[in-house]
>>> print(open('final03.cif').read())   # mmCIF, C-alpha atoms
data_upload
#
loop_
_atom_site.label_atom_id
_atom_site.label_comp_id
_atom_site.auth_asym_id
_atom_site.auth_seq_id
_atom_site.Cartn_x
_atom_site.Cartn_y
_atom_site.Cartn_z
CA MET A 28 87.29 95.45 99.12
CA ASN A 29 87.53 93.77 95.79
CA PHE A 30 88.36 96.83 93.74
CA PHE A 31 91.44 97.78 95.71
CA ASN A 32 92.88 94.35 95.01
CA ALA A 33 92.25 94.94 91.32
CA PHE A 34 94.14 98.26 91.51
CA ARG A 35 97.01 96.59 93.31
CA ILE A 36 97.25 93.81 90.75
CA SER A 37 97.28 96.23 87.80
CA ALA A 38 99.88 98.39 89.53
CA SER A 39 102.16 95.40 90.06
CA GLY A 40 101.82 94.58 86.36
CA MET A 41 102.72 98.14 85.40
CA THR A 42 105.77 98.17 87.68
CA ALA A 43 107.01 94.91 86.21
CA GLN A 44 106.53 96.08 82.63
CA ARG A 45 108.30 99.37 83.33
CA LEU A 46 111.28 97.51 84.77
CA ARG A 47 111.32 95.32 81.67
CA MET A 48 111.35 98.48 79.55
CA ASN A 49 114.27 99.88 81.58
CA VAL A 50 116.24 96.69 81.12
CA ALA A 51 115.58 96.68 77.36
CA THR A 52 116.73 100.29 77.00
CA SER A 53 119.80 99.55 79.11
CA ASN A 54 120.63 96.69 76.73
CA LEU A 55 120.19 99.00 73.74
CA ALA A 56 122.34 101.73 75.27
CA ASN A 57 125.15 99.28 76.00
CA ILE A 58 125.15 97.61 72.62
CA ASN A 59 128.82 98.51 72.06
CA THR A 60 130.08 98.55 75.66
CA THR A 61 133.32 96.59 76.01
CA ARG A 62 134.26 97.52 79.55
CA THR A 63 132.21 97.25 82.75
CA PRO A 64 133.01 97.72 86.48
CA GLN A 65 132.73 93.92 86.85
CA GLY A 66 135.25 93.45 84.08
CA GLY A 67 134.69 92.15 80.58
CA PRO A 68 132.08 93.33 78.10
CA TYR A 69 128.48 94.22 79.06
CA ARG A 70 126.23 91.20 79.45
CA ARG A 71 122.72 91.39 78.06
CA LYS A 72 120.11 91.45 80.88
CA ASP A 73 116.69 89.89 80.93
CA VAL A 74 113.86 90.10 83.47
CA TYR A 75 112.20 87.05 84.94
CA PHE A 76 108.53 87.43 85.90
CA THR A 77 106.77 85.34 88.51
CA SER A 78 103.17 85.60 89.61
CA GLN A 79 102.65 86.53 93.22
CA PRO A 80 99.43 85.85 95.14
CA ILE A 81 97.68 89.00 96.30
CA HIS A 82 96.49 88.66 99.85
CA GLY A 83 93.47 90.76 100.57
CA SER A 84 91.97 90.72 104.01
CA PHE A 85 92.13 87.43 105.85
CA ARG A 86 88.35 87.16 105.86
CA ASN A 87 88.12 87.49 102.11
CA THR A 88 90.82 84.95 101.51
CA LEU A 89 89.14 82.53 103.86
CA ARG A 90 85.73 83.10 102.33
CA SER A 91 86.44 82.31 98.75
CA ALA A 92 88.76 80.05 96.86
CA MET A 93 88.51 82.62 94.06
CA ALA A 94 90.41 85.22 96.08
CA ARG A 95 93.33 82.84 96.35
CA LYS A 96 93.59 82.68 92.56
CA LEU A 97 94.21 86.41 92.26
CA SER A 98 97.85 87.14 91.64
CA GLY A 99 99.97 90.14 90.75
CA VAL A 100 103.35 90.09 89.05
CA LYS A 101 106.81 90.37 90.53
CA VAL A 102 110.17 90.58 88.84
CA SER A 103 111.89 87.85 90.83
CA LYS A 104 115.32 88.33 89.26
CA ILE A 105 117.24 90.02 86.48
CA ILE A 106 119.28 87.38 84.71
CA ASP A 107 122.40 87.69 82.56
CA ASP A 108 122.08 86.30 79.08
CA PRO A 109 124.26 83.16 78.95
CA ARG A 110 125.14 83.62 75.28
CA PRO A 111 128.87 84.35 74.77
CA PRO A 112 129.97 87.79 73.46
CA ILE A 113 130.89 88.35 69.83
CA SER A 114 134.55 88.72 68.84
CA LYS A 115 135.31 91.55 66.47
CA TYR A 116 138.62 92.38 64.81
CA ASN A 117 139.60 95.91 65.87
CA PRO A 118 143.33 96.18 66.73
CA GLN A 119 143.19 99.94 67.43
CA HIS A 120 140.75 99.45 70.29
CA PRO A 121 142.27 99.78 73.81
CA ASP A 122 140.40 96.66 74.94
CA ALA A 123 141.69 94.52 72.08
CA ASP A 124 143.56 91.32 72.99
CA LYS A 125 146.95 90.28 71.56
CA LYS A 126 145.46 89.06 68.31
CA GLY A 127 143.54 92.35 67.86
CA TYR A 128 140.06 91.10 68.76
CA ILE A 129 137.58 92.87 71.05
CA LYS A 130 134.57 91.32 72.71
CA VAL A 131 131.23 93.13 72.25
CA PRO A 132 127.95 92.04 73.87
CA ARG A 133 125.68 89.79 71.85
CA ILE A 134 122.67 92.10 71.67
CA ASN A 135 120.17 91.77 68.85
CA LEU A 136 118.63 95.13 67.98
CA MET A 137 115.41 93.55 66.68
CA GLU A 138 115.02 91.42 69.79
CA GLU A 139 115.26 94.46 72.05
CA MET A 140 112.84 96.50 69.93
CA VAL A 141 110.27 93.69 70.03
CA ASN A 142 110.77 93.44 73.78
CA MET A 143 110.16 97.16 74.16
CA MET A 144 107.02 97.09 72.03
CA SER A 145 105.65 94.14 73.95
CA ALA A 146 106.35 95.92 77.25
CA THR A 147 104.57 99.05 75.98
CA ARG A 148 101.49 97.13 74.93
CA SER A 149 101.31 95.21 78.19
CA TYR A 150 101.64 98.47 80.11
CA GLU A 151 98.78 99.95 78.09
CA ALA A 152 96.64 96.89 78.76
CA ASN A 153 97.18 97.40 82.49
CA VAL A 154 96.29 101.10 82.17
CA THR A 155 93.04 100.13 80.44
CA ALA A 156 92.31 97.66 83.23
CA ILE A 157 92.85 100.36 85.86
CA LYS A 158 90.51 102.72 84.00
CA ALA A 159 87.84 100.02 83.89
CA THR A 160 88.26 99.36 87.59
CA LYS A 161 87.89 103.04 88.37
CA ASP A 162 84.75 103.27 86.22
CA MET A 163 83.18 100.37 88.03
CA ALA A 164 84.05 101.66 91.48
CA LEU A 165 82.59 105.08 90.65
CA LYS A 166 79.46 103.48 89.24
CA ALA A 167 79.01 101.49 92.44
CA LEU A 168 79.17 104.73 94.42
CA GLU A 169 76.30 106.12 92.35
CA ILE A 170 73.84 103.46 93.52
CA GLY A 171 71.02 105.05 95.43
CA ARG A 172 72.01 108.58 94.62
CA MET B 17 53.11 95.93 102.21
CA GLU B 18 55.40 94.50 104.84
CA SER B 19 58.75 96.17 105.10
CA ARG B 20 60.39 92.74 105.05
CA SER B 21 59.28 92.09 101.51
CA LEU B 22 60.14 95.56 100.28
CA PHE B 23 63.67 94.53 99.38
CA LYS B 24 62.83 91.00 98.32
CA GLY B 25 62.55 89.75 94.77
CA VAL B 26 65.09 91.23 92.45
CA PHE B 27 67.29 93.02 94.99
CA PRO B 28 69.22 90.00 96.31
CA VAL B 29 69.77 88.81 92.74
CA LEU B 30 71.19 92.17 91.72
CA GLU B 31 73.41 92.33 94.78
CA LYS B 32 74.80 88.87 94.16
CA ALA B 33 75.30 89.61 90.48
CA LEU B 34 77.23 92.81 91.27
CA ASP B 35 79.39 90.93 93.75
CA LEU B 36 80.18 88.21 91.23
CA ARG B 37 80.88 90.73 88.48
CA SER B 38 83.40 92.57 90.64
CA MET B 39 85.04 89.27 91.50
CA LYS B 40 85.21 88.37 87.83
CA HIS B 41 86.75 91.77 87.19
CA SER B 42 89.54 91.04 89.67
CA LEU B 43 90.26 87.73 87.95
CA ILE B 44 90.42 89.36 84.51
CA VAL B 45 92.73 92.09 85.83
CA SER B 46 94.95 89.40 87.34
CA ASN B 47 95.10 87.63 83.98
CA ILE B 48 96.04 90.86 82.20
CA ALA B 49 98.78 91.69 84.71
CA ASN B 50 100.25 88.20 84.29
CA LYS B 51 100.18 88.27 80.51
CA ASP B 52 103.98 87.84 80.32
CA THR B 53 104.53 85.57 83.30
CA PRO B 54 105.89 82.15 82.34
CA ASN B 55 103.71 79.14 83.26
CA TYR B 56 100.77 81.32 84.34
CA LYS B 57 97.34 79.83 83.63
CA ALA B 58 94.38 82.11 82.96
CA PHE B 59 91.33 81.86 85.21
CA ASP B 60 87.75 82.77 84.51
CA LEU B 61 84.48 82.93 86.40
CA ILE B 62 81.17 82.12 84.76
CA VAL B 63 78.93 84.59 86.55
CA GLU B 64 75.63 83.24 85.23
CA GLU B 65 76.41 79.75 86.44
CA GLU B 66 77.50 80.91 89.88
CA LEU B 67 74.40 83.04 90.13
CA GLU B 68 72.16 80.11 89.36
CA LYS B 69 74.02 77.95 91.86
CA SER B 70 73.61 80.44 94.66
CA MET B 71 70.01 81.34 93.86
CA GLY B 72 68.68 77.83 93.50
CA LYS B 73 65.59 76.92 91.55
CA GLY B 74 62.26 78.71 91.56
CA ASP B 75 63.79 82.14 91.30
CA PRO B 76 61.16 84.90 91.10
CA THR B 77 63.02 86.55 88.24
CA ASP B 78 62.86 83.49 85.96
CA LEU B 79 60.51 83.88 83.02
CA LYS B 80 57.50 81.59 83.15
CA THR B 81 56.73 79.51 80.06
CA THR B 82 53.07 78.62 79.82
CA HIS B 83 53.08 77.90 76.09
CA ASP B 84 55.42 75.95 73.82
CA GLY B 85 56.05 79.01 71.72
CA HIS B 86 57.30 81.05 74.65
CA LEU B 87 60.93 81.97 74.90
CA CYS B 88 62.73 80.04 77.58
CA GLY B 89 63.97 82.38 80.27
CA LYS B 90 66.16 80.03 82.22
CA ARG B 91 69.56 81.45 82.99
CA SER B 92 71.37 78.29 81.99
CA ASP B 93 70.41 79.01 78.39
CA ARG B 94 72.57 82.08 78.38
CA ILE B 95 75.69 80.26 79.50
CA ASN B 96 77.97 79.68 76.60
CA GLY B 97 80.37 76.94 77.52
CA LYS B 98 82.03 76.28 80.82
CA SER B 99 85.67 77.14 81.23
CA VAL B 100 86.93 77.92 84.68
CA ASN B 101 90.54 77.29 83.86
CA ASP B 102 91.23 77.64 80.15
CA ALA B 103 93.62 74.70 80.19
CA ASP B 104 91.92 72.94 77.29
CA GLN B 105 93.01 75.49 74.73
CA PHE B 106 96.24 74.75 72.93
CA PHE B 107 99.30 76.68 73.91
CA HIS B 108 100.68 78.82 71.18
CA ARG B 109 103.47 80.23 73.31
CA ARG B 110 106.71 78.69 74.35
CA ASP B 111 106.55 79.94 77.93
CA ASN B 112 103.38 77.88 78.74
CA ASN B 113 101.36 81.01 79.49
CA SER B 114 97.70 80.56 78.56
CA VAL B 115 96.56 84.22 78.65
CA ASP B 116 94.90 85.35 75.42
CA ILE B 117 95.15 89.13 75.71
CA ASP B 118 92.47 89.86 73.09
CA LYS B 119 90.03 87.62 74.86
CA GLU B 120 90.86 89.13 78.22
CA MET B 121 90.44 92.71 77.02
CA ALA B 122 87.10 91.82 75.42
CA LYS B 123 85.98 90.17 78.63
CA LEU B 124 87.15 93.19 80.60
CA SER B 125 85.00 95.64 78.69
CA GLU B 126 82.03 93.26 78.53
CA ASN B 127 82.16 92.70 82.26
CA ASN B 128 82.58 96.41 82.83
CA LEU B 129 79.46 97.21 80.77
CA LEU B 130 77.40 94.55 82.50
CA TYR B 131 78.51 95.77 85.91
CA ASN B 132 77.53 99.34 85.02
CA ALA B 133 74.19 98.12 83.71
CA LEU B 134 73.49 96.22 86.92
CA ALA B 135 74.48 99.20 89.04
CA GLN B 136 72.14 101.37 86.99
CA ILE B 137 69.26 98.94 87.33
CA LEU B 138 69.78 98.80 91.09
CA SER B 139 69.95 102.57 91.20
CA ARG B 140 66.68 102.86 89.26
CA LYS B 141 65.04 100.36 91.61
CA PHE B 142 65.95 102.53 94.57
CA GLY B 143 64.82 105.59 92.66
CA GLY B 144 61.43 103.95 92.07
CA LEU B 145 61.07 103.15 95.77
CA LYS B 146 62.00 106.70 96.63
CA ASP B 147 59.36 108.01 94.25
CA VAL B 148 56.74 105.80 95.89
CA ILE B 149 57.76 106.96 99.37
CA LYS B 150 57.53 110.59 98.35
CA GLY B 151 54.21 110.00 96.65
CA GLY B 152 55.56 110.99 93.27
CA GLN B 153 56.24 114.57 94.31
#
>>> encode(input="final03.cif", output="structure tokens")
Amino acid sequence: MNFFNAFRISASGMTAQRLRMNVATSNLANINTTRTPQGGPYRRKDVYFTSQPIHGSFRNTLRSAMARKLSGVKVSKIIDDPRPPISKYNPQHPDADKKGYIKVPRINLMEEMVNMMSATRSYEANVTAIKATKDMALKALEIGR
Amino acid sequence: MESRSLFKGVFPVLEKALDLRSMKHSLIVSNIANKDTPNYKAFDLIVEEELEKSMGKGDPTDLKTTHDGHLCGKRSDRINGKSVNDADQFFHRRDNNSVDIDKEMAKLSENNLLYNALAQILSRKFGGLKDVIKGGQ
């Protein structure tokens, strides 16, 4: 049925946006982290979205080219930001090198805030879409009542 | 009245329209979910056009014009521009994504309203038939 596909698509969008939100908050929390289990300072993370075709029933897919255009979202990978860390002069710090410099991750507060706001809005858009889908499905059930 | 013709006329049109509306809804939802996906291109379905294609000419629900002053009731007059894939619009984003979220949300609620209206009309049609069967009691 068409509507279940719509629910599935919106749900995939919400999952992806929530993961994006988690990554942004993780970046914010680690804005001053100089030591990680992998060694070196924390690297800023970013999500990479790809669209993923939603396969309904085989019959539906066969019947219409339109069904093949439906696609949900998937976070295909979480990438490390390639930008190098910032060097700060702080000789008292235990992670400071011989010259007294520490490396802190290059995380821009504004960038992360904008990312978070964008994720929130996209999540809300998906919630609205789910509500609309539910309304329509319920209305269809009322036919002939 | 033959039972065959009981469900003729406007019923098949309504059914088809509901089907197309729900399909359009899926497409819009897909566009909204992919609002942040790089290189995603938005899709749209022009329901009126599809409806006319599948119904052919000489539809019983078309308005007849017997005078020049009559309003034209052909469906094609209500189509405002054809855009199946909105590739012609300029990209204002660096990630080559062509989803315009405002447009999509507007389309979502418009489509939702029209679907509800169609479902209500169909429901009333059945209600009318039921009334006739019961003799208005």
>>> resolve_selection(input="final03.cif", expression="the PyMOL selection byres ((chain A) within 9 of (chain B))", output="ChimeraX atom specification")
/A:29-30,32-34,36-41,43-44,75-78,93-94,96-101,146,149-150,152-153,155-157,159-160,162-163,166-167,169-172
>>> residues_around(input="final03.cif", residues="Ile58 in chain A", least_positions_apart="3", cutoff="9 Å", atoms="all atoms listed in the file", output="list in words")
Ser53, Asn54, Leu55, Thr61, Tyr69, Arg71, Val131, Pro132, Arg133, Ile134, Asn135 and Leu136 of chain A
>>> resolve_selection(input="final03.cif", expression="the PyMOL selection byres ((chain B and resi 63) around 8)", output="tab-separated table (two decimals) with C-alpha atoms, in the coordinates of the input")
chain	number	residue	atom	x	y	z
B	33	ALA	CA	75.30	89.61	90.48
B	36	LEU	CA	80.18	88.21	91.23
B	37	ARG	CA	80.88	90.73	88.48
B	40	LYS	CA	85.21	88.37	87.83
B	61	LEU	CA	84.48	82.93	86.40
B	62	ILE	CA	81.17	82.12	84.76
B	64	GLU	CA	75.63	83.24	85.23
B	65	GLU	CA	76.41	79.75	86.44
B	66	GLU	CA	77.50	80.91	89.88
B	67	LEU	CA	74.40	83.04	90.13
>>> residues_around(input="final03.cif", residues="Pro118 in chain A", least_positions_apart="4", cutoff="12 Å", atoms="all atoms listed in the file", output="PyMOL selection string")
chain A and resi 114+122-130
>>> write_last_selection(input="final03.cif", atoms="C-alpha atoms", output="CSV table (one decimal), in the frame of the given file")
chain,number,residue,atom,x,y,z
A,114,SER,CA,134.6,88.7,68.8
A,122,ASP,CA,140.4,96.7,74.9
A,123,ALA,CA,141.7,94.5,72.1
A,124,ASP,CA,143.6,91.3,73.0
A,125,LYS,CA,147.0,90.3,71.6
A,126,LYS,CA,145.5,89.1,68.3
A,127,GLY,CA,143.5,92.4,67.9
A,128,TYR,CA,140.1,91.1,68.8
A,129,ILE,CA,137.6,92.9,71.0
A,130,LYS,CA,134.6,91.3,72.7
>>> residues_around(input="final03.cif", residues="Met143 in chain A", least_positions_apart="2", cutoff="8 Å", atoms="all atoms listed in the file", output="ChimeraX atom specification")
/A:47-48,51-52,139-141,145-147
>>> axis_aligned_box(input="final03.cif", around="range 34-44 of chain B", padding_each_side="4 Å", output="JSON")
{"center_x": 83.8, "center_y": 90.3, "center_z": 89.1, "size_x": 21.2, "size_y": 13.1, "size_z": 17.2}
>>> resolve_selection(input="final03.cif", expression="the PyMOL selection byres ((chain A and resi 104) around 7)", output="NGL selection string")
:A and (74-75 or 102-103 or 105-106)
>>> atom_distance(input="final03.cif", atom1="CA of Lys72 in chain A", atom2="CA of Asp107 in chain A")
4.7 Å
>>> decode(input="final03.cif", residues="range 94-133 of chain A", atoms="N, CA and C atoms", output="PDB file, in the first residue's frame")
ATOM      1  N   ALA A  94       6.826   4.533  -8.746  1.00  0.00           N
ATOM      2  CA  ALA A  94       7.229   3.884  -7.500  1.00  0.00           C
ATOM      3  C   ALA A  94       8.741   3.756  -7.417  1.00  0.00           C
ATOM      4  N   ARG A  95       9.389   3.681  -8.556  1.00  0.00           N
ATOM      5  CA  ARG A  95      10.839   3.554  -8.541  1.00  0.00           C
ATOM      6  C   ARG A  95      11.518   4.868  -8.172  1.00  0.00           C
ATOM      7  N   LYS A  96      10.773   5.978  -8.286  1.00  0.00           N
ATOM      8  CA  LYS A  96      11.373   7.279  -7.965  1.00  0.00           C
ATOM      9  C   LYS A  96      11.318   7.570  -6.477  1.00  0.00           C
ATOM     10  N   LEU A  97      10.534   6.807  -5.732  1.00  0.00           N
ATOM     11  CA  LEU A  97      10.430   7.035  -4.294  1.00  0.00           C
ATOM     12  C   LEU A  97      11.729   6.619  -3.618  1.00  0.00           C
ATOM     13  N   SER A  98      12.247   7.492  -2.776  1.00  0.00           N
ATOM     14  CA  SER A  98      13.479   7.109  -2.089  1.00  0.00           C
ATOM     15  C   SER A  98      13.527   7.694  -0.690  1.00  0.00           C
ATOM     16  N   GLY A  99      14.007   6.889   0.231  1.00  0.00           N
ATOM     17  CA  GLY A  99      14.227   7.354   1.595  1.00  0.00           C
ATOM     18  C   GLY A  99      15.655   7.875   1.731  1.00  0.00           C
ATOM     19  N   VAL A 100      16.074   8.115   2.945  1.00  0.00           N
ATOM     20  CA  VAL A 100      17.426   8.621   3.174  1.00  0.00           C
ATOM     21  C   VAL A 100      18.209   7.607   3.994  1.00  0.00           C
ATOM     22  N   LYS A 101      19.503   7.558   3.770  1.00  0.00           N
ATOM     23  CA  LYS A 101      20.367   6.710   4.563  1.00  0.00           C
ATOM     24  C   LYS A 101      21.628   7.503   4.862  1.00  0.00           C
ATOM     25  N   VAL A 102      22.130   7.364   6.080  1.00  0.00           N
ATOM     26  CA  VAL A 102      23.444   7.941   6.358  1.00  0.00           C
ATOM     27  C   VAL A 102      24.455   6.896   5.924  1.00  0.00           C
ATOM     28  N   SER A 103      25.132   7.158   4.793  1.00  0.00           N
ATOM     29  CA  SER A 103      26.005   6.111   4.251  1.00  0.00           C
ATOM     30  C   SER A 103      27.326   6.062   4.999  1.00  0.00           C
ATOM     31  N   LYS A 104      27.817   7.220   5.470  1.00  0.00           N
ATOM     32  CA  LYS A 104      29.028   7.173   6.296  1.00  0.00           C
ATOM     33  C   LYS A 104      29.145   8.434   7.143  1.00  0.00           C
ATOM     34  N   ILE A 105      29.913   8.308   8.207  1.00  0.00           N
ATOM     35  CA  ILE A 105      30.247   9.466   9.037  1.00  0.00           C
ATOM     36  C   ILE A 105      31.705   9.783   8.748  1.00  0.00           C
ATOM     37  N   ILE A 106      31.940  10.978   8.203  1.00  0.00           N
ATOM     38  CA  ILE A 106      33.302  11.296   7.752  1.00  0.00           C
ATOM     39  C   ILE A 106      33.999  12.212   8.744  1.00  0.00           C
ATOM     40  N   ASP A 107      35.322  12.086   8.808  1.00  0.00           N
ATOM     41  CA  ASP A 107      36.138  12.987   9.620  1.00  0.00           C
ATOM     42  C   ASP A 107      36.424  14.241   8.809  1.00  0.00           C
ATOM     43  N   ASP A 108      36.320  15.370   9.460  1.00  0.00           N
ATOM     44  CA  ASP A 108      36.632  16.631   8.798  1.00  0.00           C
ATOM     45  C   ASP A 108      38.126  16.675   8.475  1.00  0.00           C
ATOM     46  N   PRO A 109      38.484  16.909   7.212  1.00  0.00           N
ATOM     47  CA  PRO A 109      39.916  16.882   6.858  1.00  0.00           C
ATOM     48  C   PRO A 109      40.708  18.114   7.322  1.00  0.00           C
ATOM     49  N   ARG A 110      40.018  19.112   7.817  1.00  0.00           N
ATOM     50  CA  ARG A 110      40.744  20.328   8.217  1.00  0.00           C
ATOM     51  C   ARG A 110      41.677  20.036   9.393  1.00  0.00           C
ATOM     52  N   PRO A 111      42.908  20.571   9.359  1.00  0.00           N
ATOM     53  CA  PRO A 111      43.873  20.287  10.431  1.00  0.00           C
ATOM     54  C   PRO A 111      43.469  20.965  11.738  1.00  0.00           C
ATOM     55  N   PRO A 112      43.881  20.395  12.904  1.00  0.00           N
ATOM     56  CA  PRO A 112      43.540  21.014  14.187  1.00  0.00           C
ATOM     57  C   PRO A 112      44.262  22.340  14.400  1.00  0.00           C
ATOM     58  N   ILE A 113      43.755  23.104  15.354  1.00  0.00           N
ATOM     59  CA  ILE A 113      44.369  24.406  15.659  1.00  0.00           C
ATOM     60  C   ILE A 113      45.452  24.201  16.713  1.00  0.00           C
ATOM     61  N   SER A 114      46.557  24.917  16.569  1.00  0.00           N
ATOM     62  CA  SER A 114      47.607  24.889  17.600  1.00  0.00           C
ATOM     63  C   SER A 114      47.395  26.057  18.552  1.00  0.00           C
ATOM     64  N   LYS A 115      47.450  25.720  19.861  1.00  0.00           N
ATOM     65  CA  LYS A 115      47.283  26.780  20.848  1.00  0.00           C
ATOM     66  C   LYS A 115      48.469  26.736  21.804  1.00  0.00           C
ATOM     67  N   TYR A 116      48.931  27.879  22.253  1.00  0.00           N
ATOM     68  CA  TYR A 116      50.057  27.910  23.185  1.00  0.00           C
ATOM     69  C   TYR A 116      49.525  27.723  24.605  1.00  0.00           C
ATOM     70  N   ASN A 117      49.906  26.615  25.236  1.00  0.00           N
ATOM     71  CA  ASN A 117      49.431  26.313  26.587  1.00  0.00           C
ATOM     72  C   ASN A 117      50.429  25.350  27.248  1.00  0.00           C
ATOM     73  N   PRO A 118      51.578  25.853  27.699  1.00  0.00           N
ATOM     74  CA  PRO A 118      52.665  24.976  28.171  1.00  0.00           C
ATOM     75  C   PRO A 118      52.314  24.162  29.418  1.00  0.00           C
ATOM     76  N   GLN A 119      51.303  24.600  30.189  1.00  0.00           N
ATOM     77  CA  GLN A 119      50.949  23.836  31.392  1.00  0.00           C
ATOM     78  C   GLN A 119      50.165  22.557  31.067  1.00  0.00           C
ATOM     79  N   HIS A 120      49.625  22.501  29.885  1.00  0.00           N
ATOM     80  CA  HIS A 120      48.753  21.385  29.523  1.00  0.00           C
ATOM     81  C   HIS A 120      49.558  20.088  29.397  1.00  0.00           C
ATOM     82  N   PRO A 121      49.030  18.956  29.936  1.00  0.00           N
ATOM     83  CA  PRO A 121      49.789  17.691  29.847  1.00  0.00           C
ATOM     84  C   PRO A 121      50.009  17.214  28.419  1.00  0.00           C
ATOM     85  N   ASP A 122      49.136  17.635  27.483  1.00  0.00           N
ATOM     86  CA  ASP A 122      49.300  17.189  26.101  1.00  0.00           C
ATOM     87  C   ASP A 122      50.141  18.152  25.259  1.00  0.00           C
ATOM     88  N   ALA A 123      50.756  19.133  25.908  1.00  0.00           N
ATOM     89  CA  ALA A 123      51.528  20.118  25.150  1.00  0.00           C
ATOM     90  C   ALA A 123      52.810  19.482  24.616  1.00  0.00           C
ATOM     91  N   ASP A 124      53.232  19.912  23.401  1.00  0.00           N
ATOM     92  CA  ASP A 124      54.484  19.383  22.850  1.00  0.00           C
ATOM     93  C   ASP A 124      55.671  20.169  23.434  1.00  0.00           C
ATOM     94  N   LYS A 125      56.886  19.918  22.902  1.00  0.00           N
ATOM     95  CA  LYS A 125      58.089  20.508  23.489  1.00  0.00           C
ATOM     96  C   LYS A 125      58.052  22.031  23.488  1.00  0.00           C
ATOM     97  N   LYS A 126      57.468  22.587  22.426  1.00  0.00           N
ATOM     98  CA  LYS A 126      57.425  24.047  22.322  1.00  0.00           C
ATOM     99  C   LYS A 126      56.275  24.646  23.133  1.00  0.00           C
ATOM    100  N   GLY A 127      55.453  23.805  23.773  1.00  0.00           N
ATOM    101  CA  GLY A 127      54.360  24.310  24.610  1.00  0.00           C
ATOM    102  C   GLY A 127      53.039  24.495  23.884  1.00  0.00           C
ATOM    103  N   TYR A 128      52.904  23.864  22.714  1.00  0.00           N
ATOM    104  CA  TYR A 128      51.652  24.010  21.949  1.00  0.00           C
ATOM    105  C   TYR A 128      50.780  22.769  22.096  1.00  0.00           C
ATOM    106  N   ILE A 129      49.457  22.959  22.219  1.00  0.00           N
ATOM    107  CA  ILE A 129      48.527  21.830  22.192  1.00  0.00           C
ATOM    108  C   ILE A 129      47.697  21.913  20.906  1.00  0.00           C
ATOM    109  N   LYS A 130      47.173  20.770  20.519  1.00  0.00           N
ATOM    110  CA  LYS A 130      46.322  20.760  19.326  1.00  0.00           C
ATOM    111  C   LYS A 130      44.865  20.573  19.764  1.00  0.00           C
ATOM    112  N   VAL A 131      44.003  21.528  19.418  1.00  0.00           N
ATOM    113  CA  VAL A 131      42.566  21.392  19.717  1.00  0.00           C
ATOM    114  C   VAL A 131      41.802  21.277  18.396  1.00  0.00           C
ATOM    115  N   PRO A 132      40.674  20.537  18.423  1.00  0.00           N
ATOM    116  CA  PRO A 132      39.939  20.329  17.164  1.00  0.00           C
ATOM    117  C   PRO A 132      39.426  21.636  16.566  1.00  0.00           C
ATOM    118  N   ARG A 133      39.388  21.675  15.250  1.00  0.00           N
ATOM    119  CA  ARG A 133      38.912  22.880  14.560  1.00  0.00           C
ATOM    120  C   ARG A 133      37.396  22.790  14.434  1.00  0.00           C
TER     121      ARG A 133
END
